[in-house]
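S.K.: Just one file: structure-v7.tsv, with TSV, C-alpha atoms.
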chain	number	residue	atom	x	y	z
A	49	MET	CA	0.00	0.00	0.00
A	50	SER	CA	1.53	3.31	-1.09
A	51	LYS	CA	2.14	6.05	1.44
A	52	ARG	CA	0.01	9.17	1.44
A	53	ASP	CA	1.56	12.45	0.38
A	54	TYR	CA	3.02	14.21	3.45
A	55	TYR	CA	1.42	17.54	2.56
A	56	GLU	CA	-1.93	15.79	2.19
A	57	VAL	CA	-1.47	14.07	5.57
A	58	LEU	CA	-1.01	17.44	7.31
A	59	GLY	CA	-3.60	19.21	5.18
A	60	VAL	CA	-1.27	21.98	3.97
A	61	GLY	CA	-0.11	23.21	0.59
A	62	ARG	CA	3.34	22.54	-0.83
A	63	ASP	CA	4.24	26.19	-0.28
A	64	ALA	CA	3.30	26.07	3.43
A	65	SER	CA	5.72	27.75	5.84
A	66	GLU	CA	7.35	25.85	8.70
A	67	ARG	CA	5.05	27.62	11.17
A	68	GLU	CA	1.96	26.51	9.20
A	69	ILE	CA	3.29	22.94	9.17
A	70	LYS	CA	3.81	23.01	12.94
A	71	LYS	CA	0.32	24.36	13.54
A	72	ALA	CA	-1.17	21.66	11.33
A	73	TYR	CA	0.76	18.95	13.18
A	74	LYS	CA	-0.27	20.33	16.56
A	75	ARG	CA	-3.93	20.17	15.54
A	76	LEU	CA	-3.66	16.55	14.35
A	77	ALA	CA	-1.54	15.50	17.34
A	78	MET	CA	-4.16	16.82	19.74
A	79	LYS	CA	-6.85	14.94	17.83
A	80	PHE	CA	-5.15	11.55	17.29
A	81	HIS	CA	-2.66	11.17	20.16
A	82	PRO	CA	-2.88	7.63	21.65
A	83	ASP	CA	-3.33	9.00	25.18
A	84	ARG	CA	-6.56	10.58	24.01
A	85	ASN	CA	-7.65	7.57	21.97
A	86	PRO	CA	-6.70	4.45	23.98
A	87	GLY	CA	-7.04	1.24	21.94
A	88	ASP	CA	-7.95	3.09	18.72
A	89	LYS	CA	-5.59	1.66	16.09
A	90	GLU	CA	-6.81	4.02	13.38
A	91	ALA	CA	-6.08	7.09	15.57
A	92	GLU	CA	-2.64	5.69	16.39
A	93	LYS	CA	-1.88	5.21	12.68
A	94	ASN	CA	-3.05	8.76	11.87
A	95	PHE	CA	-0.84	10.11	14.67
A	96	LYS	CA	2.21	8.23	13.38
A	97	ASP	CA	1.56	9.42	9.81
A	98	ALA	CA	1.29	13.03	10.99
A	99	LYS	CA	4.45	12.67	13.09
A	100	GLU	CA	6.37	11.21	10.15
A	101	ALA	CA	5.16	13.96	7.82
A	102	TYR	CA	6.07	16.64	10.35
A	103	GLU	CA	9.59	15.28	10.89
A	104	ILE	CA	10.27	15.23	7.15
A	105	LEU	CA	8.77	18.60	6.24
A	106	THR	CA	10.44	20.52	9.07
A	107	ASP	CA	13.90	19.20	8.18
A	108	SER	CA	15.19	21.36	5.30
A	109	ASP	CA	17.37	18.62	3.78
A	110	LYS	CA	14.72	15.91	4.00
A	111	LYS	CA	12.05	18.28	2.72
A	112	ALA	CA	14.18	19.15	-0.31
A	113	ALA	CA	14.74	15.46	-1.04
A	114	TYR	CA	11.05	14.70	-0.63
A	115	ASP	CA	9.97	17.59	-2.85
A	116	GLN	CA	12.31	16.32	-5.61
A	117	PHE	CA	12.01	12.53	-5.33
A	118	GLY	CA	8.92	11.92	-3.24
A	119	HIS	CA	8.97	9.11	-0.67
A	120	ALA	CA	11.91	7.47	-2.45
A	121	GLY	CA	14.06	10.44	-1.51
A	122	VAL	CA	13.59	9.90	2.23
A	123	ASP	CA	13.01	6.15	2.54
A	124	PRO	CA	16.23	4.43	3.78
A	125	ASN	CA	15.09	1.12	2.32
A	126	ARG	CA	15.27	2.70	-1.12
A	127	GLY	CA	18.66	4.27	-0.71
A	128	GLY	CA	17.35	7.76	-0.11
A	129	GLY	CA	17.66	9.89	2.99
A	130	GLY	CA	18.02	8.87	6.57
A	131	PHE	CA	14.48	8.91	7.95
A	132	GLY	CA	14.05	6.00	10.31
A	133	GLY	CA	10.31	5.42	10.15
A	134	GLY	CA	7.63	6.87	12.39
A	135	GLN	CA	7.91	4.68	15.46
A	136	GLY	CA	9.94	6.84	17.85
A	137	ASP	CA	8.89	8.25	21.21
A	138	PHE	CA	5.61	10.15	20.89
A	139	GLY	CA	6.56	12.68	23.55
A	140	ASP	CA	9.78	14.08	22.04
A	141	ILE	CA	8.40	15.60	18.85
A	142	PHE	CA	5.11	16.49	20.58
A	143	GLY	CA	6.92	18.50	23.23
A	144	ASP	CA	9.09	20.25	20.63
A	145	VAL	CA	6.26	21.41	18.41
A	146	PHE	CA	4.13	22.59	21.34
A	147	GLY	CA	7.09	24.50	22.69
A	148	ASP	CA	7.76	26.19	19.34
A	149	ILE	CA	4.15	27.24	18.93
A	150	PHE	CA	3.64	28.55	22.45
A	151	GLY	CA	7.03	30.18	22.91
A	152	GLY	CA	8.77	27.52	25.02
A	153	GLY	CA	10.42	24.40	23.72
A	154	ARG	CA	14.07	23.59	23.40
A	155	ARG	CA	16.34	26.31	22.23
A	156	GLY	CA	20.05	26.40	21.67
A	157	GLY	CA	22.37	28.66	23.57
A	158	GLN	CA	22.43	29.59	27.21
A	159	ARG	CA	19.90	31.50	29.24
A	160	GLN	CA	20.33	35.26	29.08
A	161	ALA	CA	20.61	37.10	32.40
A	162	ALA	CA	17.45	39.05	33.18
A	163	ARG	CA	17.31	42.82	32.75
A	164	GLY	CA	16.85	44.73	35.98
A	165	SER	CA	13.37	45.56	37.25
A	166	ASP	CA	11.83	48.96	36.65
A	167	LEU	CA	11.22	51.07	39.74
A	168	ARG	CA	8.47	53.54	40.56
A	169	TYR	CA	8.84	56.55	42.84
A	170	ASN	CA	5.69	58.42	43.92
A	171	LEU	CA	6.47	62.15	44.06
A	172	GLU	CA	3.95	64.51	45.66
A	173	LEU	CA	4.21	68.18	44.72
A	174	SER	CA	2.46	71.36	45.76
A	175	LEU	CA	0.52	73.18	43.06
A	176	GLU	CA	3.15	75.94	43.03
A	177	GLU	CA	5.95	73.40	42.50
A	178	ALA	CA	4.05	71.64	39.72
A	179	VAL	CA	3.28	74.91	37.92
A	180	ARG	CA	6.77	76.43	38.16
A	181	GLY	CA	8.89	73.26	37.95
A	182	LEU	CA	11.91	72.51	40.11
A	183	THR	CA	14.81	70.14	40.71
A	184	LYS	CA	14.20	67.48	43.36
A	185	GLU	CA	16.71	65.33	45.20
A	186	LEU	CA	15.26	61.80	45.40
A	187	ARG	CA	16.63	59.02	47.58
A	188	ILE	CA	15.95	55.69	45.89
A	189	PRO	CA	16.34	52.29	47.59
A	190	THR	CA	17.36	49.78	44.93
A	191	LEU	CA	19.44	46.74	44.01
A	192	ALA	CA	22.79	47.87	42.62
A	193	SER	CA	25.50	45.86	40.89
A	194	CYS	CA	28.00	44.51	43.43
A	195	ASP	CA	31.23	46.46	43.07
A	196	SER	CA	33.29	43.68	44.64
A	197	CYS	CA	32.57	41.09	41.94
A	198	ASP	CA	31.39	43.50	39.20
A	199	GLY	CA	27.97	41.88	39.28
A	200	SER	CA	29.14	38.35	38.42
A	201	GLY	CA	28.31	36.87	41.83
A	202	ALA	CA	31.59	34.95	41.84
A	203	LYS	CA	34.50	35.69	44.15
A	204	LYS	CA	37.21	37.80	42.57
A	205	GLY	CA	39.56	35.60	40.53
A	206	THR	CA	36.88	32.92	39.97
A	207	GLN	CA	33.95	32.61	37.60
A	208	ALA	CA	30.61	30.86	37.37
A	209	THR	CA	30.35	27.56	35.51
A	210	THR	CA	27.56	26.30	33.28
A	211	CYS	CA	24.95	24.24	35.13
A	212	GLY	CA	25.35	20.54	34.31
A	213	THR	CA	21.66	19.78	34.88
A	214	CYS	CA	20.11	22.24	32.42
A	215	HIS	CA	23.27	22.94	30.38
A	216	GLY	CA	22.87	26.67	30.83
A	217	GLN	CA	19.21	26.78	29.79
A	218	GLY	CA	17.93	27.64	33.27
A	219	GLN	CA	14.96	25.31	32.69
A	220	VAL	CA	14.33	21.60	32.58
A	221	GLN	CA	11.56	19.70	30.85
A	222	MET	CA	9.20	17.42	32.78
A	223	ARG	CA	6.81	14.92	31.18
A	224	GLN	CA	3.18	14.88	32.28
A	225	GLY	CA	1.17	12.51	30.07
A	226	PHE	CA	1.66	13.67	26.52
A	227	PHE	CA	2.52	17.24	27.57
A	228	ALA	CA	6.07	18.51	28.08
A	229	VAL	CA	6.17	21.04	30.93
A	230	GLN	CA	9.10	23.35	31.52
A	231	GLN	CA	10.13	24.55	34.96
A	232	ALA	CA	13.07	26.31	36.58
A	233	CYS	CA	16.12	24.11	36.95
A	234	PRO	CA	16.26	22.84	40.57
A	235	THR	CA	20.07	22.87	40.57
A	236	CYS	CA	20.78	26.45	39.46
A	237	HIS	CA	17.29	27.84	40.29
A	238	GLY	CA	16.82	29.13	36.76
A	239	ARG	CA	20.14	30.96	36.44
A	240	GLY	CA	21.86	28.57	34.05
A	241	LYS	CA	25.12	28.90	35.97
A	242	ILE	CA	26.59	27.53	39.18
A	243	ILE	CA	28.72	29.74	41.43
A	244	LYS	CA	31.01	27.43	43.40
A	245	ASP	CA	32.91	30.21	45.17
A	246	PRO	CA	30.43	33.09	45.77
A	247	CYS	CA	31.36	36.70	46.41
A	248	ASN	CA	31.56	37.50	50.13
A	249	LYS	CA	29.78	40.82	49.73
A	250	CYS	CA	26.73	39.86	47.66
A	251	HIS	CA	26.75	36.11	48.57
A	252	GLY	CA	26.59	35.11	44.93
A	253	GLU	CA	23.64	37.30	43.99
A	254	GLY	CA	25.65	39.79	41.92
A	255	ARG	CA	23.57	42.62	43.40
A	256	VAL	CA	23.38	44.37	46.77
A	257	GLU	CA	20.75	46.54	48.42
A	258	LYS	CA	21.72	50.16	48.19
A	259	SER	CA	20.21	53.65	48.30
A	260	LYS	CA	21.18	56.25	45.77
A	261	THR	CA	20.40	59.95	45.52
A	262	LEU	CA	19.30	61.33	42.17
A	263	SER	CA	18.81	64.94	41.14
A	264	VAL	CA	15.64	64.96	39.04
A	265	LYS	CA	14.47	67.95	37.04
A	266	ILE	CA	10.68	68.32	37.18
A	267	PRO	CA	9.48	70.38	34.20
A	268	ALA	CA	7.06	73.26	34.70
A	269	GLY	CA	3.41	72.39	34.16
A	270	VAL	CA	3.36	68.75	35.29
A	271	ASP	CA	0.09	67.46	36.69
A	272	THR	CA	-1.26	64.48	38.60
A	273	GLY	CA	-0.78	61.32	36.52
A	274	ASP	CA	2.27	62.57	34.62
A	275	ARG	CA	5.26	60.21	34.66
A	276	ILE	CA	8.95	60.99	34.20
A	277	ARG	CA	11.18	58.17	32.94
A	278	LEU	CA	14.82	58.00	33.97
A	279	SER	CA	16.47	55.44	31.71
A	280	GLY	CA	18.85	52.99	33.39
A	281	GLU	CA	18.15	54.22	36.93
A	282	GLY	CA	16.14	51.16	38.01
A	283	GLU	CA	17.46	47.99	39.59
A	284	ALA	CA	20.70	46.49	38.30
A	285	GLY	CA	20.25	43.46	36.03
A	286	GLU	CA	21.26	39.93	36.95
A	287	PHE	CA	24.97	39.18	36.60
A	288	GLY	CA	25.85	42.25	34.55
A	289	ALA	CA	22.63	42.49	32.52
A	290	PRO	CA	21.32	46.02	31.73
A	291	PRO	CA	19.51	47.88	34.52
A	292	GLY	CA	15.83	48.74	34.48
A	293	ASP	CA	14.34	52.24	34.39
A	294	LEU	CA	13.03	54.52	37.12
A	295	TYR	CA	9.58	56.07	36.70
A	296	VAL	CA	8.76	59.13	38.80
A	297	GLN	CA	4.97	59.23	39.21
A	298	VAL	CA	3.70	62.75	39.90
A	299	SER	CA	0.73	63.67	42.09
A	300	VAL	CA	-0.25	67.23	43.02
A	301	ARG	CA	-1.73	68.07	46.42
A	302	GLU	CA	-5.04	69.90	46.69
A	303	HIS	CA	-4.64	73.66	47.00
A	304	SER	CA	-6.47	75.77	49.57
A	305	ILE	CA	-7.50	78.39	46.97
A	306	PHE	CA	-7.07	77.10	43.43
A	307	THR	CA	-8.48	74.13	41.55
A	308	ARG	CA	-6.69	73.01	38.38
A	309	ASP	CA	-8.35	71.74	35.22
A	310	GLY	CA	-5.80	71.17	32.48
A	311	ASN	CA	-3.95	74.44	32.01
A	312	ASN	CA	-6.67	76.58	33.63
A	313	LEU	CA	-7.01	77.51	37.29
A	314	TYR	CA	-10.29	78.18	39.10
A	315	CYS	CA	-11.03	80.00	42.33
A	316	GLU	CA	-14.01	81.45	44.17
A	317	VAL	CA	-13.82	85.08	45.33
A	318	PRO	CA	-16.31	86.29	47.98
A	319	ILE	CA	-17.69	89.81	47.52
A	320	SER	CA	-20.02	91.87	49.64
A	321	PHE	CA	-23.60	92.72	48.73
A	322	SER	CA	-22.75	96.41	48.35
A	323	LYS	CA	-19.72	95.66	46.15
A	324	ALA	CA	-21.82	93.45	43.89
A	325	ALA	CA	-24.54	96.10	43.62
A	326	LEU	CA	-22.40	99.22	43.30
A	327	GLY	CA	-19.32	97.75	41.61
A	328	GLY	CA	-15.70	98.53	42.34
A	329	GLU	CA	-12.33	96.77	42.50
A	330	ILE	CA	-11.29	93.72	44.52
A	331	GLU	CA	-7.96	92.00	45.02
A	332	VAL	CA	-7.69	88.54	43.49
A	333	PRO	CA	-4.88	86.07	44.28
A	334	THR	CA	-2.84	84.49	41.48
A	335	LEU	CA	0.20	82.23	41.60
A	336	ASP	CA	2.29	85.28	40.70
A	337	GLY	CA	0.81	87.57	43.36
A	338	LYS	CA	-2.29	89.71	43.75
A	339	VAL	CA	-4.05	91.53	40.91
A	340	ASN	CA	-6.98	93.98	40.91
A	341	LEU	CA	-10.22	92.78	39.35
A	342	LYS	CA	-12.84	95.32	38.32
A	343	ILE	CA	-16.38	94.37	39.38
A	344	PRO	CA	-19.11	95.96	37.27
A	345	THR	CA	-22.26	97.34	38.94
A	346	GLU	CA	-25.13	94.92	39.50
A	347	THR	CA	-22.88	91.86	39.34
A	348	GLN	CA	-24.78	88.65	40.16
A	349	THR	CA	-23.35	85.93	42.36
A	350	GLY	CA	-21.76	83.10	40.37
A	351	ARG	CA	-20.51	85.32	37.56
A	352	MET	CA	-17.19	84.13	36.12
A	353	PHE	CA	-14.32	86.48	35.32
A	354	ARG	CA	-11.38	85.36	33.17
A	355	LEU	CA	-7.84	86.57	33.79
A	356	ARG	CA	-5.93	85.58	30.68
A	357	GLY	CA	-2.45	84.12	30.98
A	358	LYS	CA	-2.72	83.67	34.76
A	359	GLY	CA	-3.09	79.89	34.60
A	360	VAL	CA	-0.54	77.13	33.97
A	361	LYS	CA	1.99	76.84	31.16
A	362	SER	CA	1.53	73.53	29.38
A	363	VAL	CA	4.30	70.99	29.91
A	364	ARG	CA	3.94	69.91	26.28
A	365	SER	CA	3.72	73.33	24.56
A	366	HIS	CA	4.17	77.03	25.17
A	367	ALA	CA	0.42	77.62	25.67
A	368	VAL	CA	-0.57	79.22	28.97
A	369	GLY	CA	-3.98	78.74	30.54
A	370	ASP	CA	-6.21	81.30	32.29
A	371	LEU	CA	-7.40	81.97	35.81
A	372	LEU	CA	-11.20	81.87	36.10
A	373	CYS	CA	-12.60	83.67	39.13
A	374	LYS	CA	-16.14	82.98	40.24
A	375	VAL	CA	-17.56	85.76	42.43
A	376	VAL	CA	-19.81	84.62	45.26
A	377	MET	CA	-21.86	87.23	47.10
A	378	GLU	CA	-21.54	86.78	50.84
A	379	THR	CA	-24.50	87.46	53.12
A	380	PRO	CA	-23.43	89.72	56.01
A	381	VAL	CA	-23.54	88.12	59.48
A	382	ASN	CA	-23.41	89.35	63.09
A	383	LEU	CA	-25.30	92.55	62.24
A	384	ASN	CA	-26.01	95.08	64.99
A	385	GLU	CA	-29.38	96.76	65.40
A	386	LYS	CA	-28.45	99.86	63.40
A	387	GLN	CA	-27.29	97.74	60.44
A	388	LYS	CA	-30.46	95.65	60.58
A	389	GLU	CA	-32.60	98.77	60.63
A	390	LEU	CA	-30.79	100.21	57.63
A	391	LEU	CA	-31.43	96.98	55.72
A	392	ARG	CA	-35.11	97.10	56.64
A	393	GLU	CA	-35.33	100.67	55.34
A	394	PHE	CA	-33.55	99.63	52.16
A	395	GLU	CA	-35.89	96.66	51.70
A	396	ALA	CA	-38.87	98.98	52.09
A	397	THR	CA	-37.69	101.13	49.21
A	398	LEU	CA	-37.80	98.06	46.94
A	399	THR	CA	-41.39	97.12	47.75
A	400	GLY	CA	-43.50	96.92	44.65
A	401	GLN	CA	-40.50	97.31	42.36
A	402	SER	CA	-39.29	93.71	42.17
A	403	LYS	CA	-39.49	93.63	38.36
A	404	LYS	CA	-37.11	96.56	38.21
A	405	HIS	CA	-34.64	95.55	40.90
A	406	SER	CA	-34.94	91.74	41.04
A	407	PRO	CA	-35.85	90.45	37.57
A	408	LYS	CA	-34.74	86.89	38.30
A	409	ALA	CA	-36.75	86.69	41.49
A	410	GLU	CA	-39.81	88.16	39.78
A	411	GLY	CA	-39.54	85.63	36.97
A	412	PHE	CA	-39.09	82.80	39.46
A	413	PHE	CA	-42.18	83.70	41.52
A	414	ASP	CA	-44.24	84.20	38.36
A	415	GLY	CA	-43.25	80.69	37.35
A	416	VAL	CA	-44.17	79.30	40.77
A	417	LYS	CA	-47.57	81.00	40.63
A	418	LYS	CA	-48.27	79.55	37.17
A	419	PHE	CA	-47.15	76.10	38.33
A	420	PHE	CA	-49.71	75.99	41.14
A	421	GLN	CA	-52.43	77.39	38.88
A	422	ASP	CA	-51.82	74.61	36.36
A	423	LEU	CA	-51.69	72.07	39.19
A	424	ASN	CA	-55.10	73.09	40.53
A	425	SER	CA	-56.83	73.49	37.17
Render the structure in this file as structure tokens.
M.R.:
Amino acid sequence: MSKRDYYEVLGVGRDASEREIKKAYKRLAMKFHPDRNPGDKEAEKNFKDAKEAYEILTDSDKKAAYDQFGHAGVDPNRGGGGFGGGQGDFGDIFGDVFGDIFGGGRRGGQRQAARGSDLRYNLELSLEEAVRGLTKELRIPTLASCDSCDGSGAKKGTQATTCGTCHGQGQVQMRQGFFAVQQACPTCHGRGKIIKDPCNKCHGEGRVEKSKTLSVKIPAGVDTGDRIRLSGEGEAGEFGAPPGDLYVQVSVREHSIFTRDGNNLYCEVPISFSKAALGGEIEVPTLDGKVNLKIPTETQTGRMFRLRGKGVKSVRSHAVGDLLCKVVMETPVNLNEKQKELLREFEATLTGQSKKHSPKAEGFFDGVKKFFQDLNS
């Protein structure tokens, strides 16, 4: 009985890439593996055919021979290539293809030392500091490269040796059913190297706990949520690997007067009843000092005044925001009898003239009156 075409077995075209071939094999292996189909001879045969096809088509030399001569080019009984049938251990090829697809598997070369971890420093600023910018001295606790062994972990004059268990991979493969599971090497604990004579200062770790002081320039205009990256100022990497980065996370404290929204500042300014009615000038605080704000006559509470260019300069451009002042009329308290009497006399002069002097109130009470009329009709 003639053998089926290998491309047909895997269900791929003759121009399929190695990745497509591996994916096709993985799908068939999952479907026909003997552990999933105990006692099913047909499934076992399909699995062996798929395994044989995979081994040929992922070997560049055998694939070239097969593409040119067909099965004769890879059948040792016909003087072709060196394929030894499809009877080998199911687990070996299964583990390899699953590892390649999912990012694990067996790879040549030794394990690379891990880059250092990134660090985060939470920096709280006052609004004035955030708006104007400044230079801050930050004390950062970190892991630094050991200066005694230059980060190698080995005592001066000695060096680490390749782990004999994992051969420098840092991982070993364990079989669980038809799956191949990788885990950290128990001998070198994932490092890939063995330090027989460790450094006395870092005890073989290559890094030591240390605090360093950095001078960090905070640009003008930063706001809560902004982050400043300092490249290479994080933790030292393992055994001489590159260090991580330091991220300074900015938060701005609440201010007693101003509220910030983007590049604009807001504040509430209390004014007296007489100032709102008669107009005049009031002093308004800004981050650069006090300025005079002109209040027109008959100003209503809640009116917003804009002071251009008195806000925050954007950290990303040269644009400067505004200061928006909301005037709030303050009701006088702790009045003496004379002041109360004067207010009563003033109130009396307004009687019958609400449309002229209090248009909003008149409109409101007209609306209330109509509401109750409609309700009772």
S.K.: At what distance in Å, to one decimal, does CA of Ile242 (chain A) lie from CA of Lys203 (chain A)?
M.R.: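 Taking CA of Lys203 (chain A) as the start and CA of Ile242 (chain A) as the end point, the length is 12.4 Å.
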S.K.: What would the list of residues within 12 Å of (0.3, 82.2, 42.6) (file frame) look like as a VMD selection string, if all atoms listed in the file are what count?
M.R.: chain A and resid 174 to 180 303 to 307 313 to 315 332 to 339 358 to 360 371
S.K.: Near Val368 (chain A), within 12 Å and counting all atoms listed in the file, which residues show up once chain neighbours fewer than 4 positions away are dropped, as a list in words?
M.R.: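 Those residues are Val179, Ala268, Gly269, Gly310, Asn311, Asn312, Leu313, Leu355, Arg356, Gly357, Lys358, Gly359, Val360, Lys361, Ser362, Val363 and Arg364 of chain A.
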S.K.: Show which residues sit within 12 Å of Thr183 (chain A), as a list in words. Count all atoms listed in the file, and ignore same-chain residues fewer than 6 positions away.
M.R.: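 That gives Leu173, Glu177, Leu262, Ser263, Val264, Lys265, Ile266, Pro267 and Ala268 of chain A.
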S.K.: Considering all atoms listed in the file, return as a PyMOL selection string whatever protein or nucleic-acid residues lie within 7 Å of Asn340 (chain A), sequence-local ones (same chain, fewer than 3 positions apart) excluded.
M.R.: chain A and resi 329-332
S.K.: What are the closest atom pairs, with distances in Å to one decimal, for all residues of region 255-276 of chain A lying within 6 Å of region 184-201 of chain A? Consider only C-alpha atoms, order rows by chain and residue number, and present the result as CSV.
M.R.:
residue,atom,partner,partner_atom,distance
A:Arg255,CA,A:Ser193,CA,4.5
A:Val256,CA,A:Leu191,CA,5.4
A:Glu257,CA,A:Leu191,CA,4.6
A:Lys258,CA,A:Thr190,CA,5.5
A:Ser259,CA,A:Pro189,CA,4.2
A:Lys260,CA,A:Ile188,CA,5.3
A:Thr261,CA,A:Arg187,CA,4.4
A:Leu262,CA,A:Leu186,CA,5.2
A:Ser263,CA,A:Glu185,CA,4.6
A:Val264,CA,A:Lys184,CA,5.2
S.K.: Which value, in Å to one decimal, gives the distance between CA of Glu346 (chain A) and CA of Ala325 (chain A)?
M.R.: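 Value for the CA of Glu346 (chain A)-CA of Ala325 (chain A) distance: 4.3 Å.
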S.K.: May I ask which of the residues A:Met222, A:Val60, A:Ala202, A:Leu383 is the closest one to Gly252 (chain A), counting only C-alpha atoms?
M.R.: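 Using only C-alpha atoms, the shortest distance to Gly252 (chain A) belongs to A:Ala202.
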S.K.: Could you work out how far CA of Glu68 (chain A) lies from CA of Lys96 (chain A), giving the answer in Å with one decimal?
M.R.: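 Those two atoms sit 18.8 Å apart.
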S.K.: List the neighbours of Glu92 (chain A) out to 10 Å using all atoms listed in the file; skip same-chain residues closer than 3 positions along the sequence, and give me the result as JSON, numbers by chain.
M.R.: {"A": [77, 80, 81, 82, 83, 84, 85, 86, 87, 88, 89, 95, 96, 97, 98]}
S.K.: Which is closest to Lys51 (chain A) among A:Ala64, A:His119, A:Asp271, A:Tyr114, if we use only C-alpha atoms?
M.R.: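 Checking each candidate against Lys51 (chain A), we get A:His119 as the closest.
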S.K.: Determine, counting all atoms listed in the file, which protein, DNA and RNA residues have an atom within 12 Å of an atom of Arg239 (chain A); residues of the same chain fewer than 5 positions away are not included. Present the result as a ChimeraX atom specification.
M.R.: /A:158-162,200-201,208-220,231-234,252-254,286-287
